[in-house]
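*Asks:* Sharing a structure with you now.
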Amino acid sequence: MTPDTSPLTPHAQPPKRVLVTGAAGFIGFHLAQRLLARGDTVIGLDNLNDYYDVTLKQARLKLLTDKENFVFVKGDLADRAGMEKLFVEHQFDAVVNLAAQAGVRYSLTNPHAYMDANLVGFLNILEGCRHQQVKHLAYASSSSVYGSNTAMPFSIHHNIDHPVSLYAASKKANELMAHTYAHLYNLPCTGLRFFTVYGPWGRPDMALFLFTKAILAGEPIDVFNHGKMRRDFTYVDDIVEGVIRVTDQPAQPNPDWSSDQPDPGTSSAPYRVYNIGNNNPVELMHLISVLEDALGKKAEKNMLPIQPGDVPATWADVDDLIQDVGFKPETSIETGVQNFVSWYKNYYSC
């Protein structure tokens with residue numbers, strides 16, 4: 001299938017009732033906007049926790065609650081009774097689970113937060129989908145599941161048994177849990193391995209946001225692994241386009257799947273995983289250079305060793321995404337960083 005690199009796919013199906021968890025978060029906010037724009041009804045769930053600036057989450061949420069086909073529910077994935085009620089009341093056609101405790105480094109100091117949101121919470125999502133016959137569950141996984149792997153680019157058909165952070169382990173656990181429900185209950189489940197998402201309304205704990213804030217304040221930036229990191233930075237609009245295309249196409253069993261040579265990326269059950277990445281790793285020092293150009297200001301760099309739980313490089317193989325849904329992320333780092341800087345300066349009036 002020839003990849004379509006243009007975003008804003010028109011709605012090819014009747015409008016749906018879609019649950020977007022983490023709707024006040026970075027990706028959830030952008031996804032909800034796109035779904036609303038094409039006529040879907042979106043029920044947005046978020047617990048508005050204080051992992052990062054709650055006022056930023058509230059500002060995103062305000063832009064959503066102004067839309068008549070958006071319903072906000074404040075709640076926590078780990079609240080079993082609350083989640084059961086949510087699924088019974090709304091009868092979703094599709095669920096996109098983006099709510100999670102995010103961040104690799106935070107998992108080193110707050111491990112229990114990951115078990116509550118990423119394991120207990122995800123089980124409640126699976127149970128809700130199972131009992132209410134949801135037609136498709138798409139959920140956020142992460143490039144971090146590739147862990148100690150060094151064969152590049154990372155492929156969904158590679159083994160991922162060596163995570164290097166609890167965050168990564170929790171995301172792999174989600175994929176295993178989803179496969180179990182796909183196998184036992186014929187629930188179509190698709191995991192989406194995101195690669196270093198950035199863009200307007202981004203997360204304040206991510207490098208681009210931290211660098212921008214520090215450079216504008218005349219403060220040094222922390223550059224880990226002495227600048228030798230390489231990341232497959234992926235613009236948020238490309239992520240959202242991939243999510244929507246995949247969600248619109250429920251996972252199907254692979255008729256060629258063999259239990260003698262099990263393919264990790266597919267199954268005899270209605271289960272799939274996809275990488276959504278730019279397929280173009282960028283050196284950290286190049287990202288900083290692009291950011292300096294966009295800001296018109298040089299960075300003072302504090303060179304540091306690699307952090308525990310981090311990996312030196314990521315690179316997404318997106319062949320399966322292209323083949324199955326006809327999309328390949330294409331936004332350049334120059335375009336994406338400029339868009340982020342423009343938003344940042346406007347939002348923070350600087």
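Every chain in the structure tokens has a letter given in the order shown (A, B, ...), and although residue numbers restart at 1 in each chain, ligands are simply numbered from 1 in the order shown.
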Counting only C-alpha atoms, what is within 10 Å of range 333-342 of chain A, bar same-chain residues fewer than 2 positions away, as an MDAnalysis selection string?

*Replies:* chainID A and resid 198:202 208:209 212 232:237 278 280:282 286:295 330:331 344:347 350

*Asks:* Near range 264-274 of chain A, within 7 Å and counting only C-alpha atoms, which residues show up once chain neighbours fewer than 6 positions away are dropped, as a ChimeraX atom specification?

*Replies:* /A:156-159,179,182-183,186-193,251-255,257,320-321

*Asks:* With distances taken over only C-alpha atoms, which residue among A:Leu63, A:Leu56, A:Ala32, A:Ile43 lies nearest Gly75 in chain A?

*Replies:*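 Answer, going by the shortest atom-to-atom distance: A:Ile43.
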
*Asks:* Between A:Ala99, A:Cys129, A:Val18, A:Leu216, which is the closest to Phe87 in chain A once you count only C-alpha atoms?

*Replies:*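 Ranked by minimum distance to Phe87 in chain A, first place goes to A:Cys129.
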
*Asks:* What's the 8 Å shell around Leu48 in chain A, counting only C-alpha atoms, without same-chain residues fewer than 2 positions away, as a list in words?

*Replies:*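 So the residues in contact are Ala24, Asp46, Asp50, Val54, Lys57, Gln58 and Lys74 of chain A.
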
*Asks:* If you measure from CA of His136 in chain A to CA of Val95 in chain A, what distance in Å do you get, rounded to one decimal?

*Replies:* 6.5 Å

*Asks:* Hey, what does DSSP flag as helix (DSSP H, G or I) within range 72-210 of chain A? Can you give it to me as a ChimeraX atom specification?

*Replies:* /A:80-90,106-109,111-131,143-146,166-185,207-210

*Asks:* Need to verify the contact set: range 105-114 of chain A, 10 Å, only C-alpha atoms, exclusion of same-chain residues closer than 6 positions in sequence. Can you return it as a list in words?

*Replies:*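 Skipping anything fewer than 6 positions along the chain leaves Tyr51, Val120, Gly121, Ser165, Leu166, Tyr167, Ala168, Ala169, Ser170, Lys171, Asp205, Gln307, Pro308, Gly309 and Asp310 of chain A.
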
*Asks:* Residues within 6 Å of range 142-149 of chain A, please, as a list in words. Count only C-alpha atoms; anything in the same chain fewer than 4 positions from it doesn't count.

*Replies:* Ile160, His162, Pro163, Val164, Ala168, Lys172, Arg193, Phe194 and Phe195 of chain A

*Asks:* Residues of the last selection are to be written out with N, CA, C and O atoms, as a CSV table (one decimal), in the first residue's frame.

*Replies:*
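Resulting contents of again.csv:
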```
chain,number,residue,atom,x,y,z
A,160,ILE,N,10.9,-8.6,22.6
A,160,ILE,CA,11.1,-7.4,23.5
A,160,ILE,C,11.1,-7.9,25.0
A,160,ILE,O,10.4,-7.3,25.8
A,162,HIS,N,13.5,-7.7,27.2
A,162,HIS,CA,14.6,-7.1,28.0
A,162,HIS,C,14.4,-5.6,28.3
A,162,HIS,O,15.2,-4.8,27.9
A,163,PRO,N,13.3,-5.3,29.0
A,163,PRO,CA,13.1,-3.9,29.3
A,163,PRO,C,14.1,-3.4,30.3
A,163,PRO,O,14.7,-4.1,31.1
A,164,VAL,N,14.4,-2.0,30.3
A,164,VAL,CA,15.4,-1.5,31.2
A,164,VAL,C,14.8,-0.4,32.1
A,164,VAL,O,15.5,0.3,32.8
A,168,ALA,N,8.8,0.8,31.0
A,168,ALA,CA,8.8,-0.1,29.8
A,168,ALA,C,8.2,-1.5,30.2
A,168,ALA,O,7.4,-2.0,29.4
A,172,LYS,N,5.0,-3.3,28.3
A,172,LYS,CA,5.0,-4.6,27.7
A,172,LYS,C,3.9,-5.5,28.4
A,172,LYS,O,3.3,-6.3,27.7
A,193,ARG,N,3.0,1.6,19.7
A,193,ARG,CA,4.3,2.0,20.3
A,193,ARG,C,4.8,3.4,19.7
A,193,ARG,O,5.2,3.5,18.6
A,194,PHE,N,4.6,4.4,20.6
A,194,PHE,CA,4.9,5.7,20.2
A,194,PHE,C,6.4,6.0,20.4
A,194,PHE,O,7.0,5.5,21.3
A,195,PHE,N,6.9,6.8,19.5
A,195,PHE,CA,8.4,7.2,19.5
A,195,PHE,C,8.5,8.7,19.8
A,195,PHE,O,8.2,9.5,18.9
```

*Asks:* Grab the CA of Pro14 in chain A to CA of Asp93 in chain A distance for me, in Å with one decimal place.

*Replies:* 10.8 Å

*Asks:* For Val20 in chain A, work out the shell of residues within 8 Å, counting only C-alpha atoms and skipping chain neighbours fewer than 5 positions away, then give it as a ChimeraX atom specification.

*Replies:* /A:28,32,42-45,95-98

*Asks:* Hey, can you spit out that residue selection with C-alpha atoms as a tab-separated table (two decimals), in the first residue's frame?

*Replies:*
```tsv
chain	number	residue	atom	x	y	z
A	28	GLY	CA	-5.20	12.64	24.23
A	32	ALA	CA	-9.91	14.28	20.94
A	42	VAL	CA	-15.82	11.83	22.52
A	43	ILE	CA	-16.07	10.93	26.18
A	44	GLY	CA	-12.82	12.14	27.68
A	45	LEU	CA	-11.58	10.62	30.93
A	95	VAL	CA	-11.75	2.94	23.20
A	96	VAL	CA	-8.37	4.65	22.90
A	97	ASN	CA	-6.45	4.26	26.14
A	98	LEU	CA	-3.80	6.96	26.46
```

*Asks:* So the first atom is CA of Leu77 in chain A and the second is CA of Ala207 in chain A; what is the distance between them in Å, to one decimal place?

*Replies:*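 Between CA of Leu77 in chain A and CA of Ala207 in chain A the gap works out to 27.1 Å.
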
*Asks:* Taking only C-alpha atoms into account, which of A:His90, A:Arg17, A:Lys301, A:Lys62 comes nearest Pro220 in chain A?

*Replies:*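 Comparing A:His90, A:Arg17, A:Lys301, A:Lys62 against Pro220 in chain A, the winner is A:Lys301.
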
*Asks:* Determine the nearest neighbour of Leu19 in chain A from the options A:Ser141, A:Thr247, A:Thr180, A:Asn275, counting only C-alpha atoms.

*Replies:*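 Closest to Leu19 in chain A, using only C-alpha atoms: A:Thr247.
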